[in-house]
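Dropping start_12.tsv in here (TSV, C-alpha atoms):
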```
chain	number	residue	atom	x	y	z
R	1	MET	CA	3.29	-0.96	42.43
R	2	THR	CA	6.16	-3.19	41.52
R	3	ALA	CA	7.71	-2.69	38.10
R	4	LEU	CA	8.38	-6.37	37.67
R	5	LEU	CA	5.62	-8.89	37.03
R	6	LEU	CA	6.54	-12.50	37.68
R	7	CYS	CA	4.63	-14.74	35.31
R	8	CYS	CA	3.48	-18.25	35.99
R	9	THR	CA	5.64	-19.39	33.07
R	10	GLY	CA	8.78	-18.35	34.91
R	11	LEU	CA	9.31	-15.44	32.54
R	12	SER	CA	9.76	-11.93	33.86
R	13	ILE	CA	8.18	-8.98	32.10
R	14	THR	CA	9.22	-5.42	32.75
R	15	ALA	CA	6.34	-2.94	32.92
R	16	PRO	CA	5.31	-0.39	31.91
R	17	PRO	CA	6.38	-0.72	28.25
R	18	ALA	CA	9.21	1.48	27.02
R	19	ARG	CA	6.60	3.35	25.00
R	20	PRO	CA	2.90	3.20	25.80
R	21	TRP	CA	1.18	1.12	23.14
R	22	ARG	CA	-0.89	3.28	20.81
R	23	GLY	CA	-2.36	0.77	18.45
R	24	LEU	CA	-4.57	0.22	15.44
R	25	HIS	CA	-6.30	-3.06	14.65
R	26	ILE	CA	-7.09	-3.59	10.95
R	27	SER	CA	-7.80	-6.52	8.63
R	28	VAL	CA	-5.21	-7.49	6.01
R	29	GLY	CA	-6.30	-10.13	3.53
R	30	SER	CA	-4.39	-9.53	0.29
R	31	PRO	CA	-1.11	-8.15	-1.06
R	32	GLU	CA	-3.02	-5.05	-2.15
R	33	ALA	CA	-4.33	-4.51	1.38
R	34	ALA	CA	-0.79	-4.99	2.72
R	35	ASP	CA	0.48	-2.33	0.31
R	36	ASP	CA	-2.29	0.04	1.37
R	37	LEU	CA	-1.41	-0.53	5.02
R	38	LYS	CA	2.25	0.21	4.29
R	39	ARG	CA	1.28	3.61	2.92
R	40	LEU	CA	-0.98	4.25	5.89
R	41	VAL	CA	1.86	3.43	8.31
R	42	VAL	CA	4.43	5.59	6.54
R	43	ASP	CA	2.21	8.55	5.67
R	44	VAL	CA	0.00	8.78	8.75
R	45	LEU	CA	0.22	6.27	11.58
R	46	ALA	CA	3.91	6.47	12.45
R	47	PRO	CA	4.09	10.28	12.17
R	48	MET	CA	1.07	10.72	14.44
R	49	GLY	CA	2.41	8.36	17.10
R	50	ILE	CA	0.66	5.03	16.45
R	51	ASN	CA	3.39	2.54	17.29
R	52	THR	CA	1.60	-0.83	17.15
R	53	VAL	CA	-0.54	-2.43	14.42
R	54	ILE	CA	-2.64	-5.55	14.90
R	55	ALA	CA	-3.02	-7.12	11.44
R	56	GLU	CA	-5.99	-9.52	11.40
R	57	VAL	CA	-5.17	-12.25	8.90
R	58	ASN	CA	-7.26	-15.34	9.72
R	59	TYR	CA	-7.66	-17.64	6.70
R	60	SER	CA	-6.72	-14.96	4.16
R	61	PHE	CA	-3.09	-16.10	4.33
R	62	GLN	CA	-1.76	-18.36	1.58
R	63	PHE	CA	-0.80	-21.31	3.77
R	64	GLN	CA	1.81	-23.72	2.44
R	65	SER	CA	1.28	-26.39	5.11
R	66	HIS	CA	-2.48	-26.49	4.47
R	67	PRO	CA	-3.29	-24.70	1.20
R	68	GLU	CA	-6.85	-26.01	1.35
R	69	LEU	CA	-7.43	-23.77	4.39
R	70	SER	CA	-6.73	-20.50	2.55
R	71	ASN	CA	-9.60	-18.28	1.45
R	72	GLY	CA	-7.60	-15.17	0.58
R	73	THR	CA	-4.53	-14.04	-1.30
R	74	LEU	CA	-2.11	-12.64	1.29
R	75	THR	CA	1.33	-14.09	0.57
R	76	ALA	CA	4.28	-14.61	2.87
R	77	GLU	CA	6.25	-12.19	0.70
R	78	ALA	CA	3.65	-9.43	1.13
R	79	ALA	CA	3.55	-10.05	4.87
R	80	ALA	CA	7.33	-9.85	5.15
R	81	ASP	CA	7.41	-6.65	3.11
R	82	LEU	CA	4.77	-5.09	5.35
R	83	ALA	CA	6.73	-6.19	8.42
R	84	ALA	CA	9.92	-4.60	7.09
R	85	THR	CA	8.12	-1.32	6.45
R	86	CYS	CA	6.64	-1.28	9.93
R	87	GLU	CA	10.00	-2.05	11.51
R	88	GLY	CA	11.60	0.77	9.56
R	89	GLU	CA	8.98	3.18	10.90
R	90	GLY	CA	9.28	2.00	14.50
R	91	VAL	CA	5.85	0.31	14.44
R	92	ARG	CA	5.41	-3.10	16.00
R	93	LEU	CA	3.39	-5.41	13.75
R	94	ILE	CA	1.38	-8.16	15.48
R	95	PRO	CA	-0.65	-10.64	13.40
R	96	LEU	CA	-4.04	-11.93	14.57
R	97	PHE	CA	-5.65	-15.29	13.84
R	98	ASN	CA	-9.06	-15.99	15.37
R	99	CYS	CA	-8.88	-19.04	17.60
R	100	LEU	CA	-11.63	-21.25	19.01
R	101	GLY	CA	-14.60	-19.02	18.07
R	102	HIS	CA	-15.34	-16.98	14.95
R	103	GLN	CA	-14.98	-20.02	12.70
R	104	SER	CA	-17.86	-18.79	10.56
R	105	TRP	CA	-19.62	-15.58	9.60
R	106	ALA	CA	-23.24	-15.23	8.49
R	107	ASP	CA	-23.94	-18.19	6.15
R	108	VAL	CA	-20.25	-18.95	5.44
R	109	THR	CA	-18.31	-21.52	7.44
R	110	PHE	CA	-14.58	-20.86	7.32
R	111	PRO	CA	-12.12	-23.39	5.89
R	112	LEU	CA	-10.97	-25.14	9.08
R	113	LEU	CA	-14.41	-26.51	9.91
R	114	ALA	CA	-15.57	-26.72	6.30
R	115	LYS	CA	-12.60	-28.98	5.47
R	116	HIS	CA	-12.40	-30.67	8.86
R	117	PRO	CA	-15.96	-31.21	10.12
R	118	GLU	CA	-14.54	-33.56	12.75
R	119	PHE	CA	-13.14	-30.46	14.51
R	120	ASP	CA	-16.57	-28.82	14.82
R	121	GLU	CA	-18.05	-28.20	18.29
R	122	THR	CA	-21.57	-28.26	16.80
R	123	PRO	CA	-21.40	-30.71	13.87
R	124	GLN	CA	-25.18	-31.09	13.60
R	125	ILE	CA	-25.68	-27.44	12.59
R	126	PRO	CA	-25.71	-27.07	8.78
R	127	LEU	CA	-22.75	-25.23	7.29
R	128	ASP	CA	-24.91	-22.23	6.33
R	129	ASN	CA	-25.21	-21.62	10.10
R	130	PRO	CA	-28.95	-21.15	10.72
R	131	GLY	CA	-29.75	-19.76	14.15
R	132	ILE	CA	-26.19	-19.22	15.41
R	133	TYR	CA	-23.72	-16.34	15.53
R	134	CYS	CA	-20.33	-18.00	14.89
R	135	ARG	CA	-19.09	-21.57	15.00
R	136	SER	CA	-16.31	-22.82	17.30
R	137	TRP	CA	-13.81	-25.61	16.99
R	138	CYS	CA	-13.74	-28.35	19.62
R	139	PRO	CA	-11.09	-27.52	22.23
R	140	GLN	CA	-10.61	-31.22	23.01
R	141	HIS	CA	-10.24	-32.74	19.56
R	142	PRO	CA	-6.86	-34.48	19.60
R	143	GLN	CA	-5.78	-33.23	16.16
R	144	VAL	CA	-7.07	-29.65	16.03
R	145	ASN	CA	-4.04	-28.08	17.69
R	146	THR	CA	-1.65	-29.81	15.30
R	147	VAL	CA	-3.31	-28.13	12.34
R	148	VAL	CA	-3.91	-24.75	13.98
R	149	PHE	CA	-0.35	-24.47	15.30
R	150	GLU	CA	1.02	-25.11	11.81
R	151	LEU	CA	-1.11	-22.25	10.48
R	152	ILE	CA	-0.02	-19.91	13.28
R	153	ASP	CA	3.62	-20.88	12.79
R	154	GLU	CA	3.48	-19.87	9.13
R	155	ILE	CA	1.91	-16.51	9.96
R	156	LEU	CA	4.47	-15.84	12.71
R	157	SER	CA	7.36	-16.62	10.39
R	158	ALA	CA	6.02	-14.59	7.48
R	159	PHE	CA	5.44	-11.49	9.63
R	160	HIS	CA	8.74	-11.94	11.53
R	161	ALA	CA	6.52	-11.35	14.56
R	162	ASP	CA	7.56	-11.26	18.21
R	163	ALA	CA	3.94	-11.27	19.41
R	164	PHE	CA	0.69	-12.89	18.30
R	165	HIS	CA	-3.00	-12.12	18.92
R	166	VAL	CA	-5.15	-15.25	19.20
R	167	GLY	CA	-8.61	-13.60	19.15
R	168	MET	CA	-10.76	-15.80	21.46
R	169	ASP	CA	-13.66	-13.31	21.60
R	170	GLU	CA	-17.40	-13.97	21.46
R	171	VAL	CA	-17.20	-17.73	22.00
R	172	PHE	CA	-20.84	-18.70	22.43
R	173	LEU	CA	-20.65	-22.35	21.34
R	174	ILE	CA	-18.65	-24.28	23.94
R	175	ALA	CA	-19.35	-27.44	25.95
R	176	SER	CA	-22.01	-28.27	23.38
R	177	ASP	CA	-24.26	-31.28	23.75
R	178	GLN	CA	-23.48	-31.98	20.08
R	179	CYS	CA	-19.82	-32.61	20.85
R	180	PRO	CA	-18.99	-36.12	22.11
R	181	ARG	CA	-15.84	-34.82	23.85
R	182	CYS	CA	-17.15	-31.59	25.42
R	183	ARG	CA	-20.71	-32.60	26.28
R	184	GLY	CA	-21.37	-31.87	29.96
R	185	GLY	CA	-18.01	-30.16	30.38
R	186	ASP	CA	-17.16	-26.99	32.29
R	187	PRO	CA	-17.08	-24.05	29.82
R	188	ALA	CA	-14.42	-22.26	31.89
R	189	ALA	CA	-12.17	-25.33	31.93
R	190	LEU	CA	-12.57	-25.82	28.18
R	191	PHE	CA	-11.89	-22.16	27.43
R	192	ALA	CA	-8.84	-22.21	29.69
R	193	GLN	CA	-7.62	-25.39	28.01
R	194	THR	CA	-7.50	-23.72	24.59
R	195	THR	CA	-5.92	-20.58	26.05
R	196	ASN	CA	-3.25	-22.61	27.82
R	197	ASP	CA	-2.56	-24.74	24.74
R	198	LEU	CA	-2.01	-21.58	22.71
R	199	HIS	CA	0.18	-20.10	25.45
R	200	GLU	CA	2.29	-23.25	25.58
R	201	PHE	CA	2.88	-23.06	21.84
R	202	LEU	CA	3.37	-19.30	21.47
R	203	VAL	CA	5.14	-18.26	24.66
R	204	LYS	CA	6.97	-21.35	25.81
R	205	ARG	CA	7.83	-22.93	22.45
R	206	ARG	CA	8.01	-19.97	20.06
R	207	GLY	CA	9.12	-17.32	22.58
R	208	VAL	CA	6.65	-14.62	21.53
R	209	GLU	CA	4.15	-12.55	23.52
R	210	MET	CA	0.50	-13.58	23.45
R	211	LEU	CA	-2.49	-11.25	23.23
R	212	MET	CA	-6.20	-12.05	23.35
R	213	TRP	CA	-9.56	-10.30	23.60
R	214	GLY	CA	-10.84	-10.24	27.17
R	215	ASP	CA	-14.63	-10.53	26.94
R	216	ARG	CA	-14.93	-14.25	27.73
R	217	LEU	CA	-12.98	-13.72	30.96
R	218	LEU	CA	-15.60	-11.31	32.32
R	219	ASP	CA	-18.85	-12.28	34.02
R	220	ALA	CA	-21.82	-10.48	32.51
R	221	ALA	CA	-23.86	-10.88	35.70
R	222	THR	CA	-21.36	-9.13	37.97
R	223	THR	CA	-19.74	-6.57	35.68
R	224	GLY	CA	-22.88	-5.00	34.21
R	225	TYR	CA	-21.72	-5.69	30.65
R	226	GLY	CA	-23.95	-7.46	28.15
R	227	GLN	CA	-23.35	-10.94	26.70
R	228	TRP	CA	-21.12	-9.56	23.93
R	229	GLU	CA	-18.63	-7.69	26.09
R	230	ALA	CA	-18.76	-10.30	28.86
R	231	SER	CA	-19.63	-13.96	29.23
R	232	ALA	CA	-23.06	-15.30	30.11
R	233	ASN	CA	-22.18	-18.92	29.33
R	234	GLY	CA	-19.79	-19.86	32.11
R	235	THR	CA	-16.35	-19.11	30.68
R	236	ALA	CA	-15.47	-16.20	33.01
R	237	ALA	CA	-13.92	-18.42	35.70
R	238	ALA	CA	-11.16	-19.29	33.21
R	239	ILE	CA	-9.44	-16.08	34.31
R	240	ASP	CA	-8.04	-17.93	37.34
R	241	ARG	CA	-6.68	-20.79	35.20
R	242	ILE	CA	-4.55	-19.01	32.59
R	243	PRO	CA	-1.08	-17.41	32.69
R	244	LYS	CA	-0.80	-13.81	33.82
R	245	ASP	CA	1.68	-12.82	31.13
R	246	ILE	CA	-1.07	-12.80	28.46
R	247	ILE	CA	-1.91	-9.25	27.35
R	248	ILE	CA	-5.68	-8.73	27.58
R	249	CYS	CA	-7.31	-6.48	24.98
R	250	ASP	CA	-10.33	-5.19	26.88
R	251	TRP	CA	-12.79	-4.01	24.21
R	252	HIS	CA	-15.85	-1.85	24.90
R	253	TYR	CA	-17.74	-0.03	22.19
R	254	GLU	CA	-20.74	1.54	23.92
R	255	PRO	CA	-20.82	4.61	26.21
R	256	MET	CA	-20.85	3.73	29.90
R	257	ALA	CA	-20.30	5.65	33.11
R	258	ASP	CA	-17.58	3.18	34.08
R	259	TYR	CA	-15.73	0.18	32.67
R	260	PRO	CA	-14.85	-1.93	35.72
R	261	SER	CA	-12.96	-4.53	33.71
R	262	VAL	CA	-10.11	-2.07	33.06
R	263	ARG	CA	-9.29	-2.14	36.78
R	264	TYR	CA	-10.29	-5.78	37.24
R	265	PHE	CA	-7.78	-7.15	34.75
R	266	GLN	CA	-5.00	-5.10	36.32
R	267	GLU	CA	-5.99	-6.28	39.81
R	268	GLN	CA	-5.91	-9.87	38.56
R	269	GLY	CA	-2.29	-9.38	37.47
R	270	PHE	CA	-2.77	-9.03	33.71
R	271	ARG	CA	-1.45	-6.31	31.47
R	272	VAL	CA	-4.47	-4.65	29.88
R	273	TRP	CA	-4.84	-2.82	26.58
R	274	PRO	CA	-8.24	-1.04	26.48
R	275	ALA	CA	-9.79	-1.15	23.01
R	276	THR	CA	-12.39	1.08	21.38
R	277	TRP	CA	-14.11	1.26	17.99
R	278	ASN	CA	-16.34	3.73	16.19
R	279	LYS	CA	-18.20	5.92	18.72
R	280	VAL	CA	-16.40	9.02	19.93
R	281	GLU	CA	-18.44	9.28	23.13
R	282	ALA	CA	-17.67	5.67	24.08
R	283	ALA	CA	-14.01	6.01	23.13
R	284	GLU	CA	-13.57	9.09	25.26
R	285	ALA	CA	-15.34	7.46	28.22
R	286	LEU	CA	-13.15	4.35	28.01
R	287	LEU	CA	-10.04	6.51	27.73
R	288	GLU	CA	-11.09	8.47	30.81
R	289	CYS	CA	-11.38	5.16	32.67
R	290	ALA	CA	-7.98	4.00	31.43
R	291	LEU	CA	-6.38	7.23	32.64
R	292	ARG	CA	-7.89	6.88	36.10
R	293	ASP	CA	-5.19	5.58	38.48
R	294	PRO	CA	-3.49	3.22	36.01
R	295	THR	CA	-1.02	0.68	37.36
R	296	ASP	CA	2.16	-0.44	35.65
R	297	ARG	CA	0.01	-3.06	33.91
R	298	MET	CA	-1.74	-0.46	31.74
R	299	MET	CA	-0.36	-0.85	28.22
R	300	GLY	CA	-1.90	2.11	26.37
R	301	TYR	CA	-4.90	2.31	24.04
R	302	LEU	CA	-6.06	0.33	21.00
R	303	PHE	CA	-8.26	1.61	18.16
R	304	THR	CA	-10.09	-1.24	16.41
R	305	GLY	CA	-10.81	-0.79	12.74
R	306	TRP	CA	-13.57	-3.29	11.98
R	307	GLY	CA	-14.57	-2.86	8.36
R	308	VAL	CA	-12.29	0.10	7.68
R	309	ASN	CA	-9.83	0.06	4.80
R	310	SER	CA	-6.46	1.79	4.78
R	311	PRO	CA	-7.09	4.30	1.94
R	312	ASP	CA	-10.29	5.67	3.55
R	313	LEU	CA	-8.62	5.91	6.94
R	314	ARG	CA	-5.56	7.61	5.46
R	315	ASP	CA	-7.68	10.19	3.62
R	316	ARG	CA	-9.67	11.10	6.71
R	317	LEU	CA	-6.67	11.25	9.03
R	318	GLN	CA	-4.94	13.52	6.54
R	319	GLY	CA	-7.95	15.83	6.46
R	320	ARG	CA	-9.30	14.91	3.03
R	321	THR	CA	-13.08	14.79	2.68
R	322	THR	CA	-14.17	11.98	0.37
R	323	GLY	CA	-17.87	11.78	1.17
R	324	LYS	CA	-17.36	8.45	2.92
R	325	ASP	CA	-18.00	8.00	6.62
R	326	CYS	CA	-14.95	6.87	8.57
R	327	PRO	CA	-15.88	6.88	12.26
R	328	VAL	CA	-12.65	5.12	13.26
R	329	ALA	CA	-10.75	8.18	12.05
R	330	ASP	CA	-13.04	10.43	14.07
R	331	VAL	CA	-12.30	8.38	17.19
R	332	ILE	CA	-8.53	8.49	16.62
R	333	LEU	CA	-8.56	12.24	16.05
R	334	ALA	CA	-10.64	12.78	19.18
R	335	CYS	CA	-8.58	10.57	21.50
R	336	LEU	CA	-4.98	10.74	20.30
R	337	PRO	CA	-4.26	14.28	21.56
R	338	ARG	CA	-5.33	13.24	25.07
R	339	LEU	CA	-3.24	10.09	24.82
R	340	ASN	CA	-0.23	12.19	23.82
R	341	ALA	CA	-0.83	14.68	26.60
R	342	ASN	CA	-1.03	11.93	29.22
R	343	ALA	CA	1.76	9.72	27.85
R	344	LEU	CA	-0.60	6.75	27.68
```
Step by step, read the file and then write its structure as structure tokens.
Amino acid sequence: MTALLLCCTGLSITAPPARPWRGLHISVGSPEAADDLKRLVVDVLAPMGINTVIAEVNYSFQFQSHPELSNGTLTAEAAADLAATCEGEGVRLIPLFNCLGHQSWADVTFPLLAKHPEFDETPQIPLDNPGIYCRSWCPQHPQVNTVVFELIDEILSAFHADAFHVGMDEVFLIASDQCPRCRGGDPAALFAQTTNDLHEFLVKRRGVEMLMWGDRLLDAATTGYGQWEASANGTAAAIDRIPKDIIICDWHYEPMADYPSVRYFQEQGFRVWPATWNKVEAAEALLECALRDPTDRMMGYLFTGWGVNSPDLRDRLQGRTTGKDCPVADVILACLPRLNANAL
């Protein structure tokens, strides 16, 4: 397997990485959460070998370009301080902002679509979101990228980041009949359009690496995954229309005998970062798959920390019993020794 991947952007990327990526994904929405994460990095993560942190920010950042789109308290100063701590500990810090999908949760519509209803893919659905999972923005609205890129640019600058995670998971509302621009469109073409727009901005204009979740690039009918971990709404064909230098975070949270997407993404020319969550059995099964004949496109292993906070995770990883469940810690403790032993 060649050690040099030639990307469709003209960039060359040396693989495998100098150090296999052992990562933690965690939400950071306030200066207090940033301080807690700093302690977690210094006290636990860096010493145990976690060398990459995905900090999910979304609209919690205090935007200066569009202050009306902030719904949290994370400041640029707190982000920069966190970035400096991570750099000092040899941990790469990569911010995440959910793009296209996940523009709402439960009965709350997030600021972009609440303040700019003209960007909404499904404008006829009330803002308390009855009957849907999460809203999406319209990939073809002529002004949406201008606003979104300004938000991303602020986050990149504040975190002094050399990579950015754009989310893009669980996009169920696309090519909607409610959208005058997307009605009757090809979901794969629309999904690829947003991915390529983001790539143009991040990789070509800002010179940073781009990461995304991989579920919408998988076909539920052929992979055996369900509609959460793979697409049942026609977006999977976008995989042939996007640049190969995007790092695909291939998440799977349920136990399975095999995870064919781990091989599939590598065969398609993408670097892949398998991602697990809160079930030890599933995490160990996915790790076993990742260790099976990896190519030079295998990046390492990512622990996702949905809903976990840094103090609870720190206590459990340091062996303190607090009476609180922390399954993410159980997964890390179960898998990290095998990762270390296999240099993955």
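Of the listed residues R:Tyr253, R:Trp21, R:Phe159, R:Phe63, the one whose atoms come nearest to Gly226 in chain R is R:Tyr253, with distances taken using all atoms listed in the file.
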Polymer residues at most 10 Å from range 219-224 of chain R, only C-alpha atoms, same-chain spacing of 5 or more positions, as a compact mmCIF listing (two decimals) with C-alpha atoms, in the frame of the given file:
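Full text of around_26.txt as output:
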```txt
# COMPACT_ATOMS: atom_id res chain seq x y z
CA GLU R 229 -18.63 -7.69 26.09
CA ALA R 230 -18.76 -10.30 28.86
CA SER R 231 -19.63 -13.96 29.23
CA ALA R 232 -23.06 -15.30 30.11
CA ASN R 233 -22.18 -18.92 29.33
CA GLY R 234 -19.79 -19.86 32.11
CA THR R 235 -16.35 -19.11 30.68
CA ALA R 236 -15.47 -16.20 33.01
CA ALA R 237 -13.92 -18.42 35.70
CA MET R 256 -20.85 3.73 29.90
CA ASP R 258 -17.58 3.18 34.08
CA TYR R 259 -15.73 0.18 32.67
CA PRO R 260 -14.85 -1.93 35.72
CA SER R 261 -12.96 -4.53 33.71
CA TYR R 264 -10.29 -5.78 37.24
```
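Interatomic distance, CA of His160 in chain R to CA of Ala76 in chain R: 10.1 Å.
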Query - Exercise: Ala188 in chain R partners within 10 Å, all atoms listed in the file, chain neighbours under 2 positions left out, as a PyMOL selection string - result: chain R and resi 174-175+185-186+190-193+216-217+233-241
Closest contacts (range 150-182 of chain R/range 91-102 of chain R, max 7 Å, only C-alpha atoms) as JSON lines:
```
{"residue": "R:Ala161", "atom": "CA", "partner": "R:Ile94", "partner_atom": "CA", "distance": 6.1}
{"residue": "R:Ala163", "atom": "CA", "partner": "R:Ile94", "partner_atom": "CA", "distance": 5.6}
{"residue": "R:Phe164", "atom": "CA", "partner": "R:Ile94", "partner_atom": "CA", "distance": 5.5}
{"residue": "R:His165", "atom": "CA", "partner": "R:Leu96", "partner_atom": "CA", "distance": 4.5}
{"residue": "R:Val166", "atom": "CA", "partner": "R:Phe97", "partner_atom": "CA", "distance": 5.4}
{"residue": "R:Gly167", "atom": "CA", "partner": "R:Asn98", "partner_atom": "CA", "distance": 4.5}
{"residue": "R:Met168", "atom": "CA", "partner": "R:Cys99", "partner_atom": "CA", "distance": 5.4}
{"residue": "R:Asp169", "atom": "CA", "partner": "R:Gly101", "partner_atom": "CA", "distance": 6.8}
{"residue": "R:Glu170", "atom": "CA", "partner": "R:Gly101", "partner_atom": "CA", "distance": 6.7}
{"residue": "R:Val171", "atom": "CA", "partner": "R:Gly101", "partner_atom": "CA", "distance": 4.9}
```
**Report entry** Point-to-point distance from CA of Leu45 in chain R to CA of Leu211 in chain R, Å rounded to tenths
**Finding:** 21.2 Å
Please give the centre and size of the box around range 60-72 of chain R (axis-aligned, containing every atom listed in the file, 6 Å added per side), with values in Å to one decimal and written as JSON.
```
{"center_x": -3.9, "center_y": -20.7, "center_z": 2.8, "size_x": 23.4, "size_y": 23.5, "size_z": 16.5}
```
Query - Between CA of Glu77 in chain R and CA of Leu37 in chain R, distance in Å (one decimal) - result: 14.6 Å
Query - Neighbour list for range 300-314 of chain R as a list of chain:residue names, cut-off 7 Å, only C-alpha atoms, skip fewer than 4 positions in-chain - result: R:Pro20, R:Trp21, R:Arg22, R:Gly23, R:Leu24, R:His25, R:Ile26, R:Asp36, R:Leu37, R:Leu40, R:Val44, R:Trp273, R:Pro274, R:Ala275, R:Thr276, R:Trp277, R:Gln318, R:Cys326, R:Val328, R:Ala329, R:Leu344
Requested in this report: Choose the residue, out of R:Ala34, R:Leu336, R:Met299, R:Cys182, that has the smallest atom-to-atom separation from Val272 in chain R; count all atoms listed in the file.
Outcome: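 Result for the nearest residue to Val272 in chain R: R:Met299.
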Report task. Starting from the point (-7.2, -9.6, 4.9), work out which residues of protein, DNA or RNA have an atom no more than 6 Å away when counting all atoms listed in the file; state them as a list in words. Result -> Ser27, Val28, Gly29, Ser30, Val57 and Ser60 of chain R
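The smallest atom-to-atom distance between His252 in chain R and any of R:Asp215, R:Glu150, R:Glu267, R:Asp177, using all atoms listed in the file, is found for R:Asp215.
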Requested in this report: Identify the residues around (-11.1, 1.5, 30.2) within a radius of 6 Å, measuring from all atoms listed in the file in the coordinates stated by the file, and give them as a ChimeraX atom specification.
Outcome: /R:259,262,274,286-287,289-290
Query raised in the report: Near Lys115 in chain R, within 8 Å and counting all atoms listed in the file, which residues show up once chain neighbours fewer than 4 positions away are dropped, as a list in words?
Result: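 Selected residues are Glu68, Leu69 and Pro111 of chain R.
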